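Heads up, upload08.txt below (compact mmCIF, C-alpha atoms):
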# COMPACT_ATOMS: atom_id res chain seq x y z
CA MET A 1 -19.80 5.39 -5.55
CA LYS A 2 -19.77 1.64 -6.06
CA PRO A 3 -22.14 -0.38 -3.86
CA ILE A 4 -20.37 -1.76 -0.78
CA VAL A 5 -20.70 -5.39 0.31
CA ALA A 6 -19.60 -6.25 3.87
CA ILE A 7 -18.64 -9.84 4.74
CA ILE A 8 -19.57 -10.51 8.35
CA GLY A 9 -19.44 -13.57 10.61
CA ARG A 10 -17.71 -15.16 13.56
CA PRO A 11 -14.03 -16.21 13.27
CA ASN A 12 -12.94 -19.04 10.96
CA VAL A 13 -16.10 -19.41 8.88
CA GLY A 14 -14.29 -18.75 5.58
CA LYS A 15 -14.90 -15.04 5.03
CA SER A 16 -11.39 -14.31 3.77
CA THR A 17 -11.34 -17.40 1.56
CA PHE A 18 -14.49 -16.14 -0.15
CA PHE A 19 -13.07 -12.60 -0.35
CA ASN A 20 -9.90 -13.82 -2.05
CA LYS A 21 -11.81 -16.08 -4.42
CA ILE A 22 -14.01 -13.22 -5.64
CA SER A 23 -11.21 -10.67 -5.85
CA GLY A 24 -9.14 -13.09 -7.93
CA LYS A 25 -6.04 -12.62 -5.79
CA ARG A 26 -4.91 -13.34 -2.29
CA ILE A 27 -5.65 -9.99 -0.64
CA SER A 28 -6.83 -11.18 2.76
CA ILE A 29 -4.59 -13.50 4.73
CA VAL A 30 -6.10 -16.97 5.11
CA ASP A 31 -5.01 -18.98 8.12
CA ASP A 32 -6.68 -21.35 10.55
CA MET A 33 -5.80 -19.10 13.49
CA PRO A 34 -8.76 -16.99 14.70
CA GLY A 35 -8.32 -13.23 14.45
CA VAL A 36 -5.97 -13.21 11.45
CA THR A 37 -8.07 -10.58 9.66
CA ARG A 38 -8.18 -7.61 12.02
CA ASP A 39 -8.89 -4.47 10.01
CA ARG A 40 -11.37 -3.92 7.24
CA VAL A 41 -9.84 -5.04 3.95
CA TYR A 42 -11.25 -3.65 0.70
CA CYS A 43 -11.17 -4.84 -2.88
CA ASP A 44 -13.00 -3.93 -6.06
CA ALA A 45 -14.99 -6.77 -7.59
CA GLU A 46 -17.27 -7.33 -10.57
CA TRP A 47 -20.05 -9.75 -11.42
CA CYS A 48 -21.94 -9.86 -14.71
CA GLY A 49 -21.09 -6.24 -15.51
CA SER A 50 -21.88 -4.87 -12.04
CA ALA A 51 -18.99 -3.32 -10.11
CA PHE A 52 -18.92 -3.19 -6.34
CA THR A 53 -16.52 -2.83 -3.42
CA MET A 54 -16.20 -5.76 -1.05
CA ILE A 55 -15.05 -5.46 2.58
CA ASP A 56 -13.58 -8.39 4.48
CA THR A 57 -13.78 -8.04 8.25
CA GLY A 58 -12.40 -9.77 11.30
CA GLY A 59 -14.51 -12.38 13.06
CA LEU A 60 -17.22 -10.91 15.27
CA GLU A 61 -17.08 -11.83 18.94
CA ILE A 62 -20.09 -9.90 20.22
CA LYS A 63 -19.60 -10.60 23.95
CA SER A 64 -15.80 -10.71 24.18
CA ASP A 65 -14.07 -8.11 26.39
CA ASP A 66 -10.61 -8.90 25.02
CA LYS A 67 -8.88 -5.70 23.88
CA MET A 68 -8.04 -6.93 20.39
CA TRP A 69 -11.49 -8.46 19.78
CA LEU A 70 -13.03 -5.12 20.79
CA HIS A 71 -10.89 -3.42 18.11
CA ILE A 72 -11.92 -6.03 15.52
CA ARG A 73 -15.58 -5.64 16.44
CA GLU A 74 -15.33 -1.87 16.07
CA GLN A 75 -13.92 -2.28 12.54
CA ALA A 76 -16.68 -4.76 11.64
CA GLU A 77 -19.30 -2.34 12.96
CA ILE A 78 -17.93 0.43 10.72
CA ALA A 79 -18.07 -1.95 7.74
CA ILE A 80 -21.71 -2.74 8.52
CA ASP A 81 -22.50 0.96 8.77
CA LEU A 82 -20.87 1.63 5.37
CA ALA A 83 -22.40 -1.38 3.62
CA ASP A 84 -25.25 -1.45 1.11
CA VAL A 85 -25.49 -5.25 1.38
CA ILE A 86 -24.29 -7.60 4.14
CA VAL A 87 -23.23 -11.20 3.55
CA PHE A 88 -23.49 -13.12 6.83
CA PHE A 89 -21.10 -16.07 6.76
CA VAL A 90 -21.80 -19.20 8.82
CA ASP A 91 -20.17 -22.63 9.00
CA GLY A 92 -22.29 -25.40 7.46
CA LYS A 93 -20.18 -28.12 9.10
CA THR A 94 -20.66 -26.96 12.69
CA GLY A 95 -24.28 -25.85 12.27
CA ILE A 96 -25.76 -22.89 14.14
CA LEU A 97 -23.81 -21.79 17.21
CA PRO A 98 -24.99 -19.36 19.91
CA GLU A 99 -22.61 -16.71 18.51
CA ASP A 100 -24.47 -16.90 15.16
CA TYR A 101 -27.74 -15.97 16.88
CA GLU A 102 -26.01 -13.01 18.55
CA ILE A 103 -24.60 -11.76 15.25
CA ALA A 104 -27.97 -12.27 13.49
CA SER A 105 -29.69 -10.18 16.14
CA TYR A 106 -27.10 -7.45 15.74
CA LEU A 107 -27.40 -7.45 11.93
CA ARG A 108 -31.18 -7.13 12.06
CA GLY A 109 -30.67 -3.85 13.89
CA SER A 110 -28.68 -2.47 10.93
CA LYS A 111 -31.80 -2.44 8.70
CA LYS A 112 -29.54 -3.45 5.77
CA PRO A 113 -30.24 -6.29 3.29
CA VAL A 114 -28.63 -9.47 4.70
CA LEU A 115 -27.88 -12.68 2.79
CA ILE A 116 -26.68 -15.79 4.62
CA ALA A 117 -23.79 -17.73 3.07
CA VAL A 118 -23.60 -21.24 4.53
CA ASN A 119 -19.98 -22.09 3.83
CA LYS A 120 -17.88 -25.27 3.85
CA LEU A 121 -20.54 -27.42 2.16
CA ASP A 122 -17.96 -29.00 -0.13
CA ASN A 123 -20.14 -31.89 -1.34
CA ASN A 124 -23.29 -29.97 -2.35
CA GLU A 125 -24.95 -30.80 0.99
CA ILE A 126 -27.69 -28.25 0.38
CA GLU A 127 -29.95 -29.82 3.03
CA LYS A 128 -27.45 -28.75 5.72
CA SER A 129 -28.19 -25.12 4.91
CA PHE A 130 -31.91 -25.34 5.74
CA GLU A 131 -31.52 -24.96 9.51
CA PHE A 132 -29.93 -21.53 9.01
CA TYR A 133 -33.30 -20.04 8.12
CA GLU A 134 -33.77 -20.05 11.92
CA LEU A 135 -31.49 -17.01 12.02
CA GLY A 136 -34.38 -14.97 10.61
CA PHE A 137 -33.25 -13.99 7.11
CA ASP A 138 -35.05 -14.91 3.89
CA GLU A 139 -32.10 -15.62 1.60
CA VAL A 140 -29.80 -18.54 2.44
CA TYR A 141 -27.13 -19.79 0.01
CA ALA A 142 -25.25 -23.07 0.30
CA ILE A 143 -21.66 -22.56 -0.86
CA SER A 144 -18.12 -23.81 -0.66
CA ALA A 145 -15.73 -20.86 -0.94
CA GLU A 146 -12.74 -23.20 -1.06
CA GLN A 147 -14.22 -25.27 -3.92
CA ALA A 148 -15.90 -22.25 -5.61
CA GLN A 149 -19.29 -23.97 -5.46
CA GLY A 150 -22.51 -21.97 -5.33
CA LEU A 151 -20.73 -18.63 -5.62
CA GLY A 152 -22.56 -17.58 -8.79
CA ASP A 153 -25.98 -17.83 -7.13
CA LEU A 154 -24.71 -15.90 -4.10
CA LEU A 155 -23.26 -13.15 -6.30
CA ASP A 156 -26.51 -12.93 -8.27
CA GLY A 157 -28.32 -12.46 -4.97
CA ILE A 158 -25.88 -9.77 -3.85
CA CYS A 159 -26.16 -7.80 -7.11
CA ASP A 160 -29.96 -8.00 -7.03
CA LYS A 161 -29.89 -6.00 -3.77
CA PHE A 162 -27.99 -3.03 -5.24
CA LYS A 163 -30.14 0.07 -5.49
CA ASN A 164 -27.59 1.82 -7.72
CA LYS A 165 -25.48 -0.23 -10.12
CA VAL A 166 -22.08 0.89 -11.42
CA ASP A 167 -20.60 -0.19 -14.74
CA ALA A 168 -17.64 -2.53 -14.16
CA ASN A 169 -15.70 -1.00 -17.08
CA GLU A 170 -14.93 2.19 -15.14
CA GLU A 171 -11.18 2.44 -14.52
CA ASP A 172 -9.51 3.19 -11.18
CA ASP A 173 -7.60 6.43 -11.83
CA SER A 174 -6.84 7.22 -8.19
CA LEU A 175 -3.34 8.06 -7.01
CA LYS A 176 -2.17 5.15 -4.84
CA ILE A 177 -0.20 5.92 -1.68
CA ALA A 178 1.45 3.10 0.29
CA VAL A 179 2.34 3.80 3.94
CA VAL A 180 5.20 1.56 5.10
CA GLY A 181 7.62 1.22 7.99
CA ARG A 182 8.56 -0.87 11.01
CA PRO A 183 5.92 -2.03 13.54
CA ASN A 184 4.62 0.69 15.87
CA ALA A 185 6.07 3.57 13.88
CA GLY A 186 2.60 5.13 13.68
CA LYS A 187 1.59 4.18 10.13
CA SER A 188 -2.06 3.47 10.94
CA SER A 189 -2.33 6.65 13.02
CA ILE A 190 -1.06 8.69 10.07
CA VAL A 191 -3.53 6.95 7.73
CA ASN A 192 -6.40 7.70 10.10
CA LYS A 193 -5.30 11.33 10.45
CA ILE A 194 -5.12 11.82 6.69
CA LEU A 195 -8.57 10.27 6.26
CA GLY A 196 -10.07 12.14 9.20
CA TYR A 197 -11.53 9.05 10.88
CA ASP A 198 -10.40 5.74 12.40
CA ARG A 199 -10.10 3.61 9.29
CA VAL A 200 -7.63 1.12 10.77
CA ILE A 201 -6.97 -0.29 14.22
CA VAL A 202 -4.47 1.72 16.27
CA SER A 203 -2.97 -0.10 19.21
CA ASP A 204 0.27 -0.28 21.16
CA ILE A 205 0.31 -4.02 20.44
CA GLU A 206 2.92 -4.83 17.78
CA GLY A 207 1.55 -6.38 14.61
CA THR A 208 -1.94 -4.91 14.94
CA THR A 209 -2.16 -4.31 11.18
CA ARG A 210 -1.59 -7.55 9.26
CA ASP A 211 -3.18 -6.94 5.88
CA ALA A 212 -2.38 -4.24 3.35
CA ILE A 213 -5.54 -2.17 3.59
CA ASP A 214 -6.78 -0.01 0.69
CA THR A 215 -9.02 2.96 1.39
CA PRO A 216 -10.25 5.22 -1.42
CA PHE A 217 -10.89 8.90 -0.62
CA THR A 218 -11.22 12.23 -2.42
CA VAL A 219 -9.70 15.63 -1.58
CA ASP A 220 -10.52 18.74 -3.61
CA GLY A 221 -11.90 16.57 -6.40
CA LYS A 222 -8.72 14.47 -6.67
CA LYS A 223 -9.07 10.72 -6.07
CA TYR A 224 -6.61 8.81 -3.89
CA THR A 225 -6.25 5.29 -2.53
CA ILE A 226 -4.20 5.03 0.65
CA ILE A 227 -2.71 1.64 1.54
CA ASP A 228 -1.89 0.96 5.18
CA THR A 229 0.56 -1.92 5.51
CA ALA A 230 1.83 -4.28 8.17
CA GLY A 231 5.01 -3.37 10.05
CA MET A 232 8.08 -4.80 8.33
CA ARG A 233 10.49 -6.49 10.71
CA ARG A 234 13.82 -8.11 9.93
CA LYS A 235 13.50 -11.58 8.42
CA ARG A 236 15.06 -13.34 11.38
CA SER A 237 12.55 -11.67 13.72
CA ILE A 238 9.56 -13.13 11.84
CA SER A 239 8.23 -16.37 13.28
CA GLU A 240 4.56 -16.67 12.29
CA ASN A 241 3.41 -17.65 8.80
CA VAL A 242 0.81 -14.91 9.04
CA GLU A 243 3.46 -12.26 9.61
CA GLN A 244 5.48 -13.52 6.66
CA TYR A 245 2.39 -13.10 4.48
CA SER A 246 1.89 -9.62 5.95
CA VAL A 247 5.39 -8.49 4.98
CA MET A 248 4.87 -9.92 1.48
CA ARG A 249 1.70 -7.80 1.24
CA SER A 250 3.65 -4.73 2.27
CA LEU A 251 6.26 -5.35 -0.44
CA THR A 252 3.48 -5.85 -3.00
CA ALA A 253 1.82 -2.62 -1.83
CA ILE A 254 5.06 -0.74 -2.53
CA LYS A 255 5.22 -2.18 -6.03
CA ARG A 256 1.69 -1.11 -6.94
CA ALA A 257 1.88 2.33 -5.28
CA ASP A 258 2.38 5.59 -7.15
CA VAL A 259 3.98 7.22 -4.09
CA VAL A 260 5.28 5.67 -0.85
CA ILE A 261 5.20 7.31 2.58
CA VAL A 262 8.03 5.76 4.63
CA VAL A 263 7.36 6.21 8.35
CA PHE A 264 10.18 6.28 10.93
CA ASP A 265 9.77 6.60 14.71
CA ALA A 266 11.54 9.87 15.57
CA SER A 267 11.64 8.93 19.27
CA LYS A 268 14.05 6.09 18.45
CA GLU A 269 17.36 5.94 16.62
CA LEU A 270 17.19 5.17 12.92
CA SER A 271 17.67 1.42 12.61
CA GLU A 272 19.17 -0.84 9.98
CA GLN A 273 15.66 -2.04 9.17
CA ASP A 274 14.43 1.53 8.63
CA VAL A 275 17.23 2.06 6.09
CA ARG A 276 16.49 -1.31 4.46
CA ILE A 277 12.80 -0.41 3.97
CA ALA A 278 13.71 2.96 2.44
CA GLY A 279 16.25 1.17 0.25
CA TYR A 280 13.60 -1.22 -1.06
CA VAL A 281 11.35 1.73 -1.97
CA HIS A 282 14.30 3.36 -3.78
CA GLU A 283 15.14 0.14 -5.65
CA GLN A 284 11.54 -0.08 -6.88
CA GLY A 285 11.92 3.40 -8.38
CA LYS A 286 9.07 4.86 -6.33
CA PRO A 287 8.76 8.52 -5.37
CA SER A 288 8.65 8.79 -1.61
CA ILE A 289 8.17 10.95 1.47
CA ILE A 290 10.25 10.24 4.59
CA VAL A 291 8.08 10.88 7.64
CA MET A 292 9.70 11.24 11.05
CA ASN A 293 6.65 10.50 13.20
CA LYS A 294 6.19 10.96 16.98
CA TRP A 295 8.04 14.27 16.75
CA ASP A 296 6.07 15.37 19.84
CA LEU A 297 8.03 12.82 21.93
CA VAL A 298 11.43 14.26 20.99
CA GLU A 299 13.13 16.68 23.38
CA LYS A 300 14.13 19.64 21.23
CA ASP A 301 16.45 22.60 21.13
CA THR A 302 17.20 25.00 18.27
CA ASN A 303 19.49 22.49 16.54
CA THR A 304 17.42 19.31 16.95
CA ILE A 305 15.77 19.27 13.52
CA TYR A 306 19.10 20.02 11.81
CA LYS A 307 20.74 17.11 13.63
CA TYR A 308 17.94 14.78 12.53
CA LYS A 309 18.17 15.97 8.92
CA LYS A 310 21.95 15.50 8.93
CA ASP A 311 21.54 11.95 10.27
CA LEU A 312 18.93 11.19 7.61
CA GLN A 313 21.18 12.54 4.87
CA GLU A 314 24.00 10.32 6.08
CA GLN A 315 21.91 7.15 6.50
CA LEU A 316 19.88 7.65 3.30
CA LYS A 317 22.63 9.04 1.08
CA PHE A 318 21.67 6.52 -1.62
CA MET A 319 18.38 8.45 -2.02
CA ASP A 320 19.49 12.04 -1.48
CA TYR A 321 16.37 13.27 -3.25
CA PHE A 322 14.14 12.33 -0.30
CA VAL A 323 11.64 14.78 1.17
CA PRO A 324 11.63 14.76 5.02
CA VAL A 325 8.55 15.69 7.06
CA PHE A 326 8.57 15.81 10.87
CA THR A 327 5.09 14.90 12.11
CA SER A 328 3.04 13.82 15.07
CA ALA A 329 0.06 11.67 14.16
CA LEU A 330 -1.10 12.05 17.77
CA THR A 331 -1.37 15.85 17.64
CA GLY A 332 -1.78 16.15 13.87
CA GLN A 333 1.35 18.29 13.55
CA ARG A 334 2.25 18.68 9.84
CA VAL A 335 0.16 15.66 8.79
CA ASN A 336 -1.94 18.08 6.73
CA THR A 337 1.13 18.82 4.58
CA LEU A 338 1.65 15.20 3.51
CA LEU A 339 -0.81 15.13 0.61
CA ASP A 340 0.76 18.25 -0.93
CA LYS A 341 4.18 16.61 -0.75
CA VAL A 342 2.78 13.35 -2.13
CA ASN A 343 1.34 15.25 -5.10
CA LEU A 344 4.62 17.10 -5.68
CA SER A 345 6.66 13.87 -5.63
CA TYR A 346 4.21 12.14 -7.95
CA GLU A 347 4.23 15.03 -10.44
CA SER A 348 8.05 14.91 -10.41
CA SER A 349 7.98 11.16 -11.11
CA ILE A 350 5.82 11.56 -14.24
CA LEU A 351 7.57 14.67 -15.57
CA ARG A 352 8.55 14.49 -19.26
CA ILE A 353 11.26 16.82 -20.52
CA PRO A 354 11.21 17.94 -24.20
CA THR A 355 14.24 16.51 -26.00
CA GLY A 356 15.54 19.93 -27.05
CA ILE A 357 15.54 21.30 -23.50
CA LEU A 358 17.02 18.03 -22.25
CA ASN A 359 19.99 18.28 -24.57
CA ASP A 360 20.52 22.00 -23.91
CA THR A 361 20.86 21.10 -20.22
CA LEU A 362 23.23 18.23 -21.05
CA GLN A 363 25.46 20.48 -23.18
CA ASP A 364 25.51 23.16 -20.46
CA ALA A 365 26.66 20.54 -17.95
CA ILE A 366 29.43 19.32 -20.29
CA THR A 367 30.59 22.91 -21.01
CA VAL A 368 30.85 23.76 -17.30
CA ASN A 369 32.61 20.49 -16.44
CA PRO A 370 33.85 18.38 -19.38
CA PRO A 371 34.43 14.64 -18.77
CA ALA A 372 38.01 13.62 -18.04
CA MET A 373 40.12 11.79 -20.62
CA TYR A 374 40.29 8.01 -20.28
CA LYS A 375 43.82 6.62 -20.77
CA GLY A 376 44.55 9.38 -23.24
CA ARG A 377 41.30 8.88 -25.15
CA GLU A 378 38.58 11.51 -25.45
CA VAL A 379 35.20 10.83 -23.88
CA LYS A 380 32.40 11.98 -26.18
CA ILE A 381 28.85 12.56 -24.96
CA TYR A 382 26.49 12.95 -27.92
CA TYR A 383 22.91 13.45 -26.79
CA ALA A 384 20.21 12.28 -24.35
CA THR A 385 16.60 11.21 -24.65
CA GLN A 386 13.91 10.42 -22.09
CA VAL A 387 12.46 6.94 -22.57
CA SER A 388 9.98 6.61 -19.71
CA VAL A 389 8.49 8.07 -16.53
CA ALA A 390 7.73 6.78 -13.03
CA PRO A 391 10.62 6.99 -12.50
CA PRO A 392 11.98 9.38 -15.13
CA THR A 393 14.50 7.37 -17.18
CA PHE A 394 17.03 8.80 -19.61
CA ILE A 395 19.41 7.26 -22.14
CA VAL A 396 22.64 9.18 -22.70
CA PHE A 397 24.59 8.18 -25.82
CA VAL A 398 28.39 8.20 -25.56
CA ASN A 399 31.32 6.85 -27.57
CA ASN A 400 32.18 4.31 -24.85
CA GLU A 401 30.26 3.92 -21.61
CA LYS A 402 33.32 2.37 -19.92
CA PHE A 403 35.25 5.62 -20.40
CA LEU A 404 32.86 7.52 -18.10
CA HIS A 405 33.77 7.56 -14.41
CA PHE A 406 30.84 6.87 -12.06
CA SER A 407 31.36 10.28 -10.42
CA TYR A 408 30.76 12.01 -13.76
CA LYS A 409 27.59 9.99 -14.28
CA ARG A 410 26.47 11.20 -10.86
CA TYR A 411 27.36 14.75 -11.88
CA ILE A 412 25.07 14.50 -14.93
CA GLU A 413 22.27 13.17 -12.74
CA ASN A 414 22.68 16.03 -10.26
CA CYS A 415 22.62 18.60 -13.07
CA PHE A 416 19.36 17.16 -14.40
CA ARG A 417 17.84 16.96 -10.93
CA LYS A 418 18.70 20.58 -10.19
CA ALA A 419 17.57 21.87 -13.60
CA PHE A 420 14.20 20.12 -13.62
CA LYS A 421 13.49 19.99 -9.86
CA PHE A 422 12.91 16.25 -9.57
CA THR A 423 11.64 16.39 -5.99
CA GLY A 424 11.15 13.20 -4.00
CA THR A 425 11.64 10.80 -6.92
CA PRO A 426 14.58 8.72 -8.14
CA ILE A 427 15.74 9.29 -11.71
CA HIS A 428 17.48 6.62 -13.77
CA PHE A 429 20.24 7.01 -16.33
CA ILE A 430 21.35 4.48 -18.93
CA PHE A 431 24.64 5.30 -20.65
CA ARG A 432 24.75 3.61 -24.02
CA ASN A 433 27.41 3.33 -26.73
CA LYS A 434 26.28 5.13 -29.88
CA ALA A 435 28.59 3.42 -32.40
CA ARG A 436 29.87 -0.11 -31.85
CA GLU A 437 32.98 0.56 -33.91
CA GLU A 438 34.16 3.20 -31.42
CA ILE A 439 34.16 0.82 -28.46
CA ASN A 440 37.60 -0.72 -29.04

Written as structure tokens, that's how I'd like the structure from this file.
Amino acid sequence: MKPIVAIIGRPNVGKSTFFNKISGKRISIVDDMPGVTRDRVYCDAEWCGSAFTMIDTGGLEIKSDDKMWLHIREQAEIAIDLADVIVFFVDGKTGILPEDYEIASYLRGSKKPVLIAVNKLDNNEIEKSFEFYELGFDEVYAISAEQAQGLGDLLDGICDKFKNKVDANEEDDSLKIAVVGRPNAGKSSIVNKILGYDRVIVSDIEGTTRDAIDTPFTVDGKKYTIIDTAGMRRKRSISENVEQYSVMRSLTAIKRADVVIVVFDASKELSEQDVRIAGYVHEQGKPSIIVMNKWDLVEKDTNTIYKYKKDLQEQLKFMDYFVPVFTSALTGQRVNTLLDKVNLSYESSILRIPTGILNDTLQDAITVNPPAMYKGREVKIYYATQVSVAPPTFIVFVNNEKFLHFSYKRYIENCFRKAFKFTGTPIHFIFRNKAREEIN
């Protein structure tokens, strides 16, 4: 395992700015509103050949009884428990505040190596960092995360504390699973259930998760990274800048995922936004699982599940390959089946068909149901070849692509899907003219 570095401090001291600077991309949301970072946010980082995992945390309010601050503190405490090294961020402009002493006292109890990063010293005001030795730690670094000043010395200090170093050239070969859906559909609860512990904040307050949160884990020797995302509301319902960033993170998470779990609230009617989210996943060519969560809240009879499946098939007819799972994150019902379905959908998305078998299937489909004539002209389908995976993409060569009716193209797709059992993944077809002279 890579060494873990936890970034700890009170709100608005620049933790996320530092996190983003080191990761090389804007992973944590940066805003001047306290409490923007709520969950633990992970990224892989590297310095001078040493690889490590960095955790950004929400601001610590040790004495606050506010419900959300209690959640944030719990997440920060877990990060501290997991960490090999702790970077304690303080604000060089404001100087030491009483809350800094409280956090320092708490960190001493962790028995972990602690380095103090005195941030916001944009003009190399190193002398302003001296007073922070009063917090009781030996290593104090004057930095400006915004201006990228002093970060090299701080990173040297962090890497010096690692007991076990990991080569930065190791590649991440984990299967990435994004969990997406509307606010309060139960995404974070499903993530926690899959992981077996409370990785992310679960609350009945809408918008609890704001960052896209990566968590690596291993099951039966297979490596995964699960990405919990912010709830995606309709554009006109989004008012805060922070929430706009959150939705952007969710869209980015879908793009970088290998498989997407789309979570719907089964206790409510399927909404236009639910369909829009599933449509975006489909457009990105991602294999997916449709999860109807909160199934325990639905009043059932013998036909209930069939009615739900029929409604899904009608609303999601553009992605008729979807795999539905009816779960309850609260009780754990069927959550244990999700990884198997994720693996099945992923394997379908990377399936390569030998060209010979591919064309045997194509010829069988044509023999059973030949294409109709187009204005008295014969439609010729020559052969097919697979050009890529994730999603599986095929080129079918014909005499004139315009001669083929869209329903026949769909027929070819259905024949391939049935023959090769492409479960839970879109498949793409490109119909291309073989000989230019035959077009006219």

Measuring between only C-alpha atoms, which one of A:Asp296, A:Asp214, A:Glu272, A:Glu347 shows the shortest distance to Ala257 (chain A)?
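Among the listed residues, the smallest separation from Ala257 (chain A) belongs to A:Asp214.
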
Find the residues near Ala329 (chain A): any atom within 9 Å, counting all atoms listed in the file, skip ones fewer than 5 places away on the same chain, and give them as a PDB file with C-alpha atoms, in the frame of the given file.
ATOM      1  CA  GLY A 186       2.600   5.130  13.680  1.00  0.00           C
ATOM      2  CA  LYS A 187       1.590   4.180  10.130  1.00  0.00           C
ATOM      3  CA  SER A 189      -2.330   6.650  13.020  1.00  0.00           C
ATOM      4  CA  ILE A 190      -1.060   8.690  10.070  1.00  0.00           C
ATOM      5  CA  VAL A 191      -3.530   6.950   7.730  1.00  0.00           C
ATOM      6  CA  ASN A 192      -6.400   7.700  10.100  1.00  0.00           C
ATOM      7  CA  LYS A 193      -5.300  11.330  10.450  1.00  0.00           C
ATOM      8  CA  ASN A 293       6.650  10.500  13.200  1.00  0.00           C
ATOM      9  CA  LYS A 294       6.190  10.960  16.980  1.00  0.00           C
ATOM     10  CA  TRP A 295       8.040  14.270  16.750  1.00  0.00           C
ATOM     11  CA  ARG A 334       2.250  18.680   9.840  1.00  0.00           C
ATOM     12  CA  VAL A 335       0.160  15.660   8.790  1.00  0.00           C
TER      13      VAL A 335
END

Could you tell me which of A:Ser348, A:Asn119, A:Asn303, A:Gln75 comes closest to Phe88 (chain A) if we count only C-alpha atoms?
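The closest residue to Phe88 (chain A) is A:Asn119.
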
What does the structure give for the distance between CA of Arg182 (chain A) and CA of Pro11 (chain A), in Å to one decimal?
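A separation of 27.4 Å between them.
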
Report, in Å to a single decimal, how far apart CA of His405 (chain A) and CA of Gly376 (chain A) are.
14.1 Å

Computed gap from CA of Arg417 (chain A) to CA of Tyr321 (chain A) is 8.6 Å

Leu316 (chain A) surroundings by only C-alpha atoms, 9 Å radius, close-in-sequence under 3 positions cut, as JSON, numbers by chain
{"A": [275, 278, 279, 311, 312, 313, 319, 320, 322]}

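Residues surrounding Ile7 (chain A) within 8 Å are Lys15, Met54, Ile55, Asp56, Thr57, Ile86, Val87, Phe88 and Phe89 of chain A [all atoms listed in the file; sequence separation below 5 positions excluded].
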
Just-selected residues, C-alpha atoms written as a tab-separated table (two decimals), keeping the file's coordinate frame:
chain	number	residue	atom	x	y	z
A	15	LYS	CA	-14.90	-15.04	5.03
A	54	MET	CA	-16.20	-5.76	-1.05
A	55	ILE	CA	-15.05	-5.46	2.58
A	56	ASP	CA	-13.58	-8.39	4.48
A	57	THR	CA	-13.78	-8.04	8.25
A	86	ILE	CA	-24.29	-7.60	4.14
A	87	VAL	CA	-23.23	-11.20	3.55
A	88	PHE	CA	-23.49	-13.12	6.83
A	89	PHE	CA	-21.10	-16.07	6.76

Which residue out of A:Val281, A:Val389, A:Val323, A:Val379 has the minimum interatomic distance to Ile353 (chain A) when only C-alpha atoms are used?
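Once distances to Ile353 (chain A) are computed over only C-alpha atoms, the minimum belongs to A:Val389.
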
Skipping near chain neighbours, those fewer than 5 positions away, what residues fall within 9 Å of Val179 (chain A) using all atoms listed in the file, listed as a list in words?
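Selected residues are Lys187, Ser188, Ile190, Val191, Ile226, Ile227, Asp228, Thr229, Ser250, Ala253, Ile254, Val259, Val260, Ile261, Val262 and Val263 of chain A.
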
Save the residues we just selected, C-alpha atoms, as a PDB file, in the frame of the given file?
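Result file follows (part.pdb):
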ATOM      1  CA  LYS A 187       1.590   4.180  10.130  1.00  0.00           C
ATOM      2  CA  SER A 188      -2.060   3.470  10.940  1.00  0.00           C
ATOM      3  CA  ILE A 190      -1.060   8.690  10.070  1.00  0.00           C
ATOM      4  CA  VAL A 191      -3.530   6.950   7.730  1.00  0.00           C
ATOM      5  CA  ILE A 226      -4.200   5.030   0.650  1.00  0.00           C
ATOM      6  CA  ILE A 227      -2.710   1.640   1.540  1.00  0.00           C
ATOM      7  CA  ASP A 228      -1.890   0.960   5.180  1.00  0.00           C
ATOM      8  CA  THR A 229       0.560  -1.920   5.510  1.00  0.00           C
ATOM      9  CA  SER A 250       3.650  -4.730   2.270  1.00  0.00           C
ATOM     10  CA  ALA A 253       1.820  -2.620  -1.830  1.00  0.00           C
ATOM     11  CA  ILE A 254       5.060  -0.740  -2.530  1.00  0.00           C
ATOM     12  CA  VAL A 259       3.980   7.220  -4.090  1.00  0.00           C
ATOM     13  CA  VAL A 260       5.280   5.670  -0.850  1.00  0.00           C
ATOM     14  CA  ILE A 261       5.200   7.310   2.580  1.00  0.00           C
ATOM     15  CA  VAL A 262       8.030   5.760   4.630  1.00  0.00           C
ATOM     16  CA  VAL A 263       7.360   6.210   8.350  1.00  0.00           C
TER      17      VAL A 263
END

Let me have the centre and edge lengths of the axis-aligned box enclosing all listed atoms of region 180-184 of chain A with 3 Å padding on every side, in Å to one decimal, as lines of an AutoDock Vina configuration file.
center_x = 6.6
center_y = -0.2
center_z = 10.5
size_x = 9.9
size_y = 9.6
size_z = 16.8

Using all atoms listed in the file for the distances, tell me which of A:Ser174, A:Ser16, A:Thr337, A:Ser129 is nearest to Ile96 (chain A).
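For Ile96 (chain A), the nearest of the candidates is A:Ser129.
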